[in-house]
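To be precise, the following lines are target01.pdb, and they hold PDB, C-alpha atoms.
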```
MODEL        1
ATOM      1  CA  MET A 985      -3.811 -23.484  -8.804
ATOM      2  CA  SER A 986      -0.811 -21.507  -9.898
ATOM      3  CA  LYS A 987       1.675 -19.389  -8.013
ATOM      4  CA  GLU A 988       0.077 -16.521  -9.943
ATOM      5  CA  THR A 989      -3.123 -17.021  -7.946
ATOM      6  CA  PHE A 990      -1.128 -16.718  -4.720
ATOM      7  CA  ASN A 991       0.390 -13.509  -6.110
ATOM      8  CA  GLU A 992      -3.121 -12.207  -6.881
ATOM      9  CA  ALA A 993      -4.310 -13.015  -3.343
ATOM     10  CA  VAL A 994      -1.337 -11.170  -1.862
ATOM     11  CA  ALA A 995      -2.002  -8.171  -4.125
ATOM     12  CA  PHE A 996      -5.706  -8.166  -3.124
ATOM     13  CA  PHE A 997      -4.689  -8.149   0.551
ATOM     14  CA  LEU A 998      -2.096  -5.380   0.090
ATOM     15  CA  ASP A 999      -4.481  -3.226  -1.944
ATOM     16  CA  THR A1000      -7.262  -3.547   0.624
ATOM     17  CA  THR A1001      -4.915  -2.951   3.563
ATOM     18  CA  SER A1002      -3.471   0.145   1.879
ATOM     19  CA  ARG A1003      -6.944   1.694   2.146
ATOM     20  CA  VAL A1004      -7.177   1.352   5.943
ATOM     21  CA  PRO A1005      -7.662   4.895   7.280
ATOM     22  CA  ASP A1006      -5.035   5.967   9.821
ATOM     23  CA  ASP A1007      -7.664   6.227  12.547
ATOM     24  CA  ALA A1008      -9.208   2.786  11.869
ATOM     25  CA  TRP A1009      -6.413   0.447  12.968
ATOM     26  CA  THR A1010      -7.936  -0.031  16.443
ATOM     27  CA  ASN A1011     -11.528  -0.440  15.212
ATOM     28  CA  GLU A1012     -13.266  -3.754  15.819
ATOM     29  CA  ALA A1013     -12.805  -6.113  12.901
ATOM     30  CA  LEU A1014     -13.455  -9.821  13.454
ATOM     31  CA  GLY A1015     -14.233 -11.595  16.695
ATOM     32  CA  VAL A1016     -11.543 -10.690  19.237
ATOM     33  CA  TRP A1017      -9.434  -8.840  16.663
ATOM     34  CA  ASN A1018      -9.241  -5.184  15.810
ATOM     35  CA  VAL A1019      -8.167  -4.106  12.316
ATOM     36  CA  ARG A1020      -4.433  -4.261  13.167
ATOM     37  CA  ASP A1021      -4.811  -7.753  14.645
ATOM     38  CA  LEU A1022      -6.743  -8.996  11.606
ATOM     39  CA  VAL A1023      -4.135  -7.545   9.238
ATOM     40  CA  GLY A1024      -1.415  -9.172  11.345
ATOM     41  CA  HIS A1025      -3.166 -12.535  11.307
ATOM     42  CA  THR A1026      -3.740 -12.305   7.567
ATOM     43  CA  SER A1027      -0.104 -11.403   6.946
ATOM     44  CA  ARG A1028       0.821 -14.733   8.520
ATOM     45  CA  ALA A1029      -0.710 -16.428   5.473
ATOM     46  CA  ILE A1030       2.239 -14.936   3.579
ATOM     47  CA  LEU A1031       4.872 -15.364   6.297
ATOM     48  CA  LEU A1032       4.106 -19.048   6.857
ATOM     49  CA  VAL A1033       5.008 -19.837   3.249
ATOM     50  CA  GLU A1034       8.519 -18.662   4.035
ATOM     51  CA  GLU A1035       8.676 -20.324   7.453
ATOM     52  CA  TYR A1036       7.381 -23.696   6.313
ATOM     53  CA  ALA A1037       9.553 -23.687   3.185
ATOM     54  CA  THR A1038      12.785 -22.836   4.974
ATOM     55  CA  GLU A1039      12.490 -23.901   8.610
ATOM     56  CA  GLY A1040       9.506 -26.108   9.024
ATOM     57  CA  THR A1041       7.429 -25.949  12.159
ATOM     58  CA  THR A1042       8.115 -26.924  15.719
ATOM     59  CA  ARG A1043       4.448 -26.682  16.758
ATOM     60  CA  SER A1044       2.348 -29.786  16.885
ATOM     61  CA  GLY A1045      -1.060 -28.853  15.566
ATOM     62  CA  PHE A1046      -2.360 -25.451  14.596
ATOM     63  CA  GLY A1047      -3.129 -24.245  18.113
ATOM     64  CA  THR A1048      -6.180 -23.341  20.095
ATOM     65  CA  PRO A1049      -8.402 -20.435  19.068
ATOM     66  CA  ASP A1050      -6.819 -18.365  21.861
ATOM     67  CA  GLU A1051      -3.301 -19.175  20.605
ATOM     68  CA  ILE A1052      -4.277 -18.302  17.037
ATOM     69  CA  ALA A1053      -5.838 -15.031  18.222
ATOM     70  CA  GLU A1054      -2.708 -14.121  20.170
ATOM     71  CA  ARG A1055      -0.425 -14.883  17.203
ATOM     72  CA  GLY A1056      -2.597 -12.509  15.136
ATOM     73  CA  ARG A1057      -2.246  -9.762  17.740
ATOM     74  CA  GLN A1058       1.527 -10.282  17.919
ATOM     75  CA  ALA A1059       1.825 -10.190  14.135
ATOM     76  CA  GLY A1060      -0.187  -6.971  14.029
ATOM     77  CA  ARG A1061       2.095  -5.316  16.590
ATOM     78  CA  ALA A1062       5.176  -6.566  14.730
ATOM     79  CA  LEU A1063       4.117  -4.554  11.663
ATOM     80  CA  GLY A1064       5.141  -1.432  13.558
ATOM     81  CA  ASP A1065       4.360   2.163  12.640
ATOM     82  CA  ASP A1066       4.845   1.603   8.895
ATOM     83  CA  SER A1067       2.478  -1.326   8.477
ATOM     84  CA  MET A1068       2.265  -1.041   4.704
ATOM     85  CA  GLY A1069       6.033  -0.829   4.353
ATOM     86  CA  ALA A1070       6.430  -3.937   6.495
ATOM     87  CA  LEU A1071       3.754  -5.781   4.526
ATOM     88  CA  ARG A1072       5.245  -4.858   1.154
ATOM     89  CA  THR A1073       8.706  -5.970   2.283
ATOM     90  CA  LEU A1074       7.272  -9.286   3.520
ATOM     91  CA  ALA A1075       5.274  -9.807   0.333
ATOM     92  CA  ASP A1076       8.205  -9.027  -1.970
ATOM     93  CA  ARG A1077      10.475 -11.417  -0.089
ATOM     94  CA  VAL A1078       7.979 -14.306   0.099
ATOM     95  CA  LEU A1079       6.682 -13.947  -3.453
ATOM     96  CA  ALA A1080      10.239 -14.075  -4.769
ATOM     97  CA  LEU A1081      10.957 -17.137  -2.627
ATOM     98  CA  ALA A1082       7.802 -18.953  -3.757
ATOM     99  CA  GLU A1083       8.477 -18.146  -7.400
ATOM    100  CA  GLY A1084      11.903 -19.766  -7.127
ATOM    101  CA  LEU A1085      10.671 -22.963  -5.480
ATOM    102  CA  PRO A1086       9.616 -26.019  -7.464
ATOM    103  CA  ASP A1087       5.974 -27.059  -7.132
ATOM    104  CA  ASP A1088       7.029 -30.177  -5.225
ATOM    105  CA  HIS A1089       9.123 -28.287  -2.644
ATOM    106  CA  PRO A1090       8.308 -29.781   0.802
ATOM    107  CA  MET A1091       6.374 -27.492   3.119
ATOM    108  CA  HIS A1092       6.753 -28.550   6.764
ATOM    109  CA  THR A1093       3.423 -27.558   8.314
ATOM    110  CA  PRO A1094       1.815 -28.518  11.628
ATOM    111  CA  GLY A1095      -0.516 -30.724   9.561
ATOM    112  CA  GLY A1096       2.376 -32.627   7.978
ATOM    113  CA  VAL A1097       4.664 -32.253   4.993
ATOM    114  CA  ARG A1098       3.003 -31.236   1.727
ATOM    115  CA  PRO A1099       4.307 -30.046  -1.608
ATOM    116  CA  LEU A1100       4.169 -26.306  -2.220
ATOM    117  CA  SER A1101       1.548 -26.767  -4.952
ATOM    118  CA  ARG A1102      -0.819 -28.361  -2.415
ATOM    119  CA  TYR A1103      -0.042 -25.863   0.361
ATOM    120  CA  LEU A1104      -0.501 -22.590  -1.540
ATOM    121  CA  PRO A1105      -4.274 -23.005  -2.059
ATOM    122  CA  SER A1106      -4.767 -22.872   1.721
ATOM    123  CA  ARG A1107      -2.818 -19.593   1.808
ATOM    124  CA  VAL A1108      -4.932 -18.188  -1.015
ATOM    125  CA  ALA A1109      -8.095 -19.136   0.891
ATOM    126  CA  GLU A1110      -6.806 -17.551   4.106
ATOM    127  CA  LEU A1111      -5.788 -14.353   2.304
ATOM    128  CA  THR A1112      -9.025 -14.122   0.330
ATOM    129  CA  ILE A1113     -11.410 -14.760   3.225
ATOM    130  CA  HIS A1114      -9.624 -12.481   5.687
ATOM    131  CA  THR A1115      -9.197  -9.714   3.131
ATOM    132  CA  ILE A1116     -12.952  -9.814   2.597
ATOM    133  CA  ASP A1117     -13.335  -9.735   6.406
ATOM    134  CA  LEU A1118     -11.102  -6.652   6.478
ATOM    135  CA  ALA A1119     -13.062  -4.916   3.733
ATOM    136  CA  ASN A1120     -16.320  -5.693   5.530
ATOM    137  CA  ALA A1121     -14.946  -4.323   8.812
ATOM    138  CA  LEU A1122     -14.024  -1.104   7.024
ATOM    139  CA  GLY A1123     -17.331  -0.828   5.156
ATOM    140  CA  MET A1124     -15.629  -1.309   1.771
ATOM    141  CA  ASP A1125     -16.699  -3.408  -1.173
ATOM    142  CA  ALA A1126     -14.460  -6.430  -1.595
ATOM    143  CA  LYS A1127     -13.671  -7.478  -5.140
ATOM    144  CA  PRO A1128     -11.420 -10.539  -4.834
ATOM    145  CA  PRO A1129      -9.814 -11.864  -8.007
ATOM    146  CA  ARG A1130     -11.872 -14.588  -9.645
ATOM    147  CA  GLU A1131      -9.152 -17.253  -9.417
ATOM    148  CA  CYS A1132      -8.682 -16.493  -5.712
ATOM    149  CA  VAL A1133     -12.382 -17.125  -5.132
ATOM    150  CA  ARG A1134     -12.180 -20.333  -7.166
ATOM    151  CA  ALA A1135      -9.190 -21.613  -5.148
ATOM    152  CA  THR A1136     -10.910 -20.630  -1.892
ATOM    153  CA  LEU A1137     -14.050 -22.557  -2.788
ATOM    154  CA  TYR A1138     -11.996 -25.638  -3.679
ATOM    155  CA  VAL A1139     -10.206 -25.471  -0.316
ATOM    156  CA  LEU A1140     -13.480 -25.035   1.574
ATOM    157  CA  ALA A1141     -15.145 -27.864  -0.367
ATOM    158  CA  ASP A1142     -12.197 -30.104   0.480
ATOM    159  CA  TYR A1143     -12.537 -29.192   4.179
ATOM    160  CA  ALA A1144     -16.253 -29.996   4.022
ATOM    161  CA  VAL A1145     -15.626 -33.401   2.494
ATOM    162  CA  ARG A1146     -12.900 -34.208   5.053
ATOM    163  CA  GLU A1147     -15.168 -33.096   7.920
ATOM    164  CA  GLY A1148     -18.060 -35.204   6.591
ATOM    165  CA  THR A1149     -20.292 -32.257   5.687
ATOM    166  CA  GLY A1150     -19.754 -32.206   1.919
ATOM    167  CA  ALA A1151     -23.304 -33.259   1.057
ATOM    168  CA  GLU A1152     -24.804 -30.552   3.294
ATOM    169  CA  VAL A1153     -22.614 -27.909   1.657
ATOM    170  CA  ALA A1154     -23.507 -29.152  -1.830
ATOM    171  CA  PHE A1155     -27.202 -28.979  -0.974
ATOM    172  CA  ALA A1156     -26.835 -25.457   0.423
ATOM    173  CA  LEU A1157     -24.911 -24.245  -2.635
ATOM    174  CA  THR A1158     -27.634 -25.583  -4.927
ATOM    175  CA  GLY A1159     -30.468 -24.038  -2.904
ATOM    176  CA  ARG A1160     -31.859 -27.339  -1.688
ATOM    177  CA  ALA A1161     -31.350 -26.844   2.061
ATOM    178  CA  PRO A1162     -29.984 -24.112   4.321
ATOM    179  CA  LEU A1163     -27.000 -24.668   6.547
ATOM    180  CA  PRO A1164     -27.561 -24.545  10.303
ATOM    181  CA  PRO A1165     -26.769 -21.252  12.093
ATOM    182  CA  GLY A1166     -23.063 -20.963  12.885
ATOM    183  CA  PHE A1167     -22.118 -23.744  10.451
ATOM    184  CA  SER A1168     -18.489 -23.728   9.319
ATOM    185  CA  VAL A1169     -16.417 -26.207   7.345
ATOM    186  CA  VAL A1170     -13.256 -24.881   8.956
ATOM    187  CA  PRO A1171     -12.320 -27.057  11.941
TER     188      PRO A1171
ENDMDL
END
```

For the file at hand, write its structure as structure tokens.
Amino acid sequence: MSKETFNEAVAFFLDTTSRVPDDAWTNEALGVWNVRDLVGHTSRAILLVEEYATEGTTRSGFGTPDEIAERGRQAGRALGDDSMGALRTLADRVLALAEGLPDDHPMHTPGGVRPLSRYLPSRVAELTIHTIDLANALGMDAKPPRECVRATLYVLADYAVREGTGAEVAFALTGRAPLPPGFSVVP
């Protein structure tokens, strides 16, 4: 996956978010999140590239679902009154940073140190999935870029294999067996 795919995922997110009606920011979106919270959480997929490239992480692990939900709410509030302006500023800064980093630049994540080229696909997956969530919450059609979908499927397939459910996912994708209700490859 190239840095260009990350750029496409960011652009997909910004384009979709730019279409949020002014009166929809407090509408329900996904689970415990309203639209602002979901946008905030999704923006962290961009912000973490900068944080993990320059500072590393002090957290051990990714956090509980409640901690993740709260970080999303905080990120949504931090966007302020000009959410799109804040998002564009963040995107410009992080895309420029990522473009200037070598593919083997160490990313210090809660899951360990990985090279940038192995970390970016997870950001593309996060951006792609949550941008589709946002579009669905707003009743819009989501048209993610093809390479973003490809990268997302690779990330999800890798999760499935690591979690021991790769065969079940392969069978579901080929129409041989359905997945159980509530099934997810994301731990």

Q: Take CA of Ala1109 in chain A and CA of Gly1069 in chain A and report the distance between them in Å, one decimal.
A: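 For CA of Ala1109 in chain A relative to CA of Gly1069 in chain A, the distance reads 23.4 Å.
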
Counting only C-alpha atoms, note down every residue that has an atom within 12 Å of the point (7.8, -16.9, -8.0) (file coordinates), as an mmCIF file with C-alpha atoms, in the frame of the given file.
```cif
data_model
loop_
_atom_site.group_PDB
_atom_site.id
_atom_site.type_symbol
_atom_site.label_atom_id
_atom_site.label_comp_id
_atom_site.auth_asym_id
_atom_site.auth_seq_id
_atom_site.Cartn_x
_atom_site.Cartn_y
_atom_site.Cartn_z
ATOM 1 C CA SER A 986 -0.811 -21.507 -9.898
ATOM 2 C CA LYS A 987 1.675 -19.389 -8.013
ATOM 3 C CA GLU A 988 0.077 -16.521 -9.943
ATOM 4 C CA THR A 989 -3.123 -17.021 -7.946
ATOM 5 C CA PHE A 990 -1.128 -16.718 -4.720
ATOM 6 C CA ASN A 991 0.390 -13.509 -6.110
ATOM 7 C CA GLU A 992 -3.121 -12.207 -6.881
ATOM 8 C CA VAL A 1033 5.008 -19.837 3.249
ATOM 9 C CA ALA A 1075 5.274 -9.807 0.333
ATOM 10 C CA ASP A 1076 8.205 -9.027 -1.970
ATOM 11 C CA ARG A 1077 10.475 -11.417 -0.089
ATOM 12 C CA VAL A 1078 7.979 -14.306 0.099
ATOM 13 C CA LEU A 1079 6.682 -13.947 -3.453
ATOM 14 C CA ALA A 1080 10.239 -14.075 -4.769
ATOM 15 C CA LEU A 1081 10.957 -17.137 -2.627
ATOM 16 C CA ALA A 1082 7.802 -18.953 -3.757
ATOM 17 C CA GLU A 1083 8.477 -18.146 -7.400
ATOM 18 C CA GLY A 1084 11.903 -19.766 -7.127
ATOM 19 C CA LEU A 1085 10.671 -22.963 -5.480
ATOM 20 C CA PRO A 1086 9.616 -26.019 -7.464
ATOM 21 C CA ASP A 1087 5.974 -27.059 -7.132
ATOM 22 C CA LEU A 1100 4.169 -26.306 -2.220
ATOM 23 C CA LEU A 1104 -0.501 -22.590 -1.540
#
```

Q | Computed interatomic separation between CA of Asp1021 in chain A and CA of Glu1054 in chain A (Å) | A |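 Spanning CA of Asp1021 in chain A to CA of Glu1054 in chain A is a straight-line distance of 8.7 Å.
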
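Atom to atom, CA of Pro1165 in chain A and CA of Thr1149 in chain A stand 14.3 Å apart.
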
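Among A:Glu1152, A:Asp1142, A:Asp1117, A:Glu1131, the residue with the shortest atom-to-atom distance to Ala993 in chain A, counting only C-alpha atoms, is A:Glu1131.
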
Might you spell out which residues the PyMOL selection byres ((chain A and resi 1106) around 10) would select in the displayed file, as a compact mmCIF listing (two decimals) with C-alpha atoms, in the frame of the given file?
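Writing done, so here's part02.txt:
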```txt
# COMPACT_ATOMS: atom_id res chain seq x y z
CA PHE A 990 -1.13 -16.72 -4.72
CA ALA A 1029 -0.71 -16.43 5.47
CA SER A 1101 1.55 -26.77 -4.95
CA ARG A 1102 -0.82 -28.36 -2.42
CA TYR A 1103 -0.04 -25.86 0.36
CA LEU A 1104 -0.50 -22.59 -1.54
CA PRO A 1105 -4.27 -23.00 -2.06
CA ARG A 1107 -2.82 -19.59 1.81
CA VAL A 1108 -4.93 -18.19 -1.01
CA ALA A 1109 -8.10 -19.14 0.89
CA GLU A 1110 -6.81 -17.55 4.11
CA LEU A 1111 -5.79 -14.35 2.30
CA THR A 1112 -9.02 -14.12 0.33
CA ALA A 1135 -9.19 -21.61 -5.15
CA THR A 1136 -10.91 -20.63 -1.89
CA TYR A 1138 -12.00 -25.64 -3.68
CA VAL A 1139 -10.21 -25.47 -0.32
CA LEU A 1140 -13.48 -25.04 1.57
```

**Q.** Among listed residues A:Gly1015, A:Pro1128, A:Gly1123, A:Pro1005, nearest Pro1049 in chain A (using all atoms listed in the file)
**A.**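 Of A:Gly1015, A:Pro1128, A:Gly1123, A:Pro1005, the one nearest Pro1049 in chain A is A:Gly1015, counting all atoms listed in the file.
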
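Considering the residues A:Gly1047, A:Ile1116, A:Arg1130, A:Ile1052 and counting only C-alpha atoms, Gly1095 in chain A has its shortest atom-to-atom contact with A:Gly1047.
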
(Q) Suppose a student applies the PyMOL selection byres ((chain A and resi 1035) around 12) to this structure; what residues should they get, written as a PyMOL selection string? (A) chain A and resi 1028-1034+1036-1042+1074+1077-1078+1081-1082+1090-1094

File dump, residues just selected, C-alpha atoms, as a PDB file, in the frame of the given file:
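Done, and the output landed in result36.pdb:
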```pdb
ATOM      1  CA  ARG A1028       0.821 -14.733   8.520  1.00  0.00           C
ATOM      2  CA  ALA A1029      -0.710 -16.428   5.473  1.00  0.00           C
ATOM      3  CA  ILE A1030       2.239 -14.936   3.579  1.00  0.00           C
ATOM      4  CA  LEU A1031       4.872 -15.364   6.297  1.00  0.00           C
ATOM      5  CA  LEU A1032       4.106 -19.048   6.857  1.00  0.00           C
ATOM      6  CA  VAL A1033       5.008 -19.837   3.249  1.00  0.00           C
ATOM      7  CA  GLU A1034       8.519 -18.662   4.035  1.00  0.00           C
ATOM      8  CA  TYR A1036       7.381 -23.696   6.313  1.00  0.00           C
ATOM      9  CA  ALA A1037       9.553 -23.687   3.185  1.00  0.00           C
ATOM     10  CA  THR A1038      12.785 -22.836   4.974  1.00  0.00           C
ATOM     11  CA  GLU A1039      12.490 -23.901   8.610  1.00  0.00           C
ATOM     12  CA  GLY A1040       9.506 -26.108   9.024  1.00  0.00           C
ATOM     13  CA  THR A1041       7.429 -25.949  12.159  1.00  0.00           C
ATOM     14  CA  THR A1042       8.115 -26.924  15.719  1.00  0.00           C
ATOM     15  CA  LEU A1074       7.272  -9.286   3.520  1.00  0.00           C
ATOM     16  CA  ARG A1077      10.475 -11.417  -0.089  1.00  0.00           C
ATOM     17  CA  VAL A1078       7.979 -14.306   0.099  1.00  0.00           C
ATOM     18  CA  LEU A1081      10.957 -17.137  -2.627  1.00  0.00           C
ATOM     19  CA  ALA A1082       7.802 -18.953  -3.757  1.00  0.00           C
ATOM     20  CA  PRO A1090       8.308 -29.781   0.802  1.00  0.00           C
ATOM     21  CA  MET A1091       6.374 -27.492   3.119  1.00  0.00           C
ATOM     22  CA  HIS A1092       6.753 -28.550   6.764  1.00  0.00           C
ATOM     23  CA  THR A1093       3.423 -27.558   8.314  1.00  0.00           C
ATOM     24  CA  PRO A1094       1.815 -28.518  11.628  1.00  0.00           C
TER      25      PRO A1094
END
```

Q: Carefully work through the PyMOL selection byres ((chain A and resi 1018) around 10) for this structure and note down the residues it includes, as a list in words.
A: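 Matching residues under the PyMOL selection byres ((chain A and resi 1018) around 10) are Ala1008, Trp1009, Thr1010, Asn1011, Glu1012, Ala1013, Leu1014, Gly1015, Val1016, Trp1017, Val1019, Arg1020, Asp1021, Leu1022, Val1023, Gly1024, Gly1056, Arg1057, Gly1060, Leu1118 and Ala1121 of chain A.
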
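Counting only C-alpha atoms and comparing A:Tyr1143, A:Gln1058, A:Ala1154, A:Phe997, the residue that lies closest to Ser1168 in chain A is A:Tyr1143.
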
Q: Tell me which protein, DNA and RNA residues are within 12 Å of Ala1151 in chain A, counting only C-alpha atoms, leaving out same-chain ones fewer than 5 positions away, and put them as number ranges by chain.
A: A: 1141-1146, 1156-1158, 1160-1163, 1169
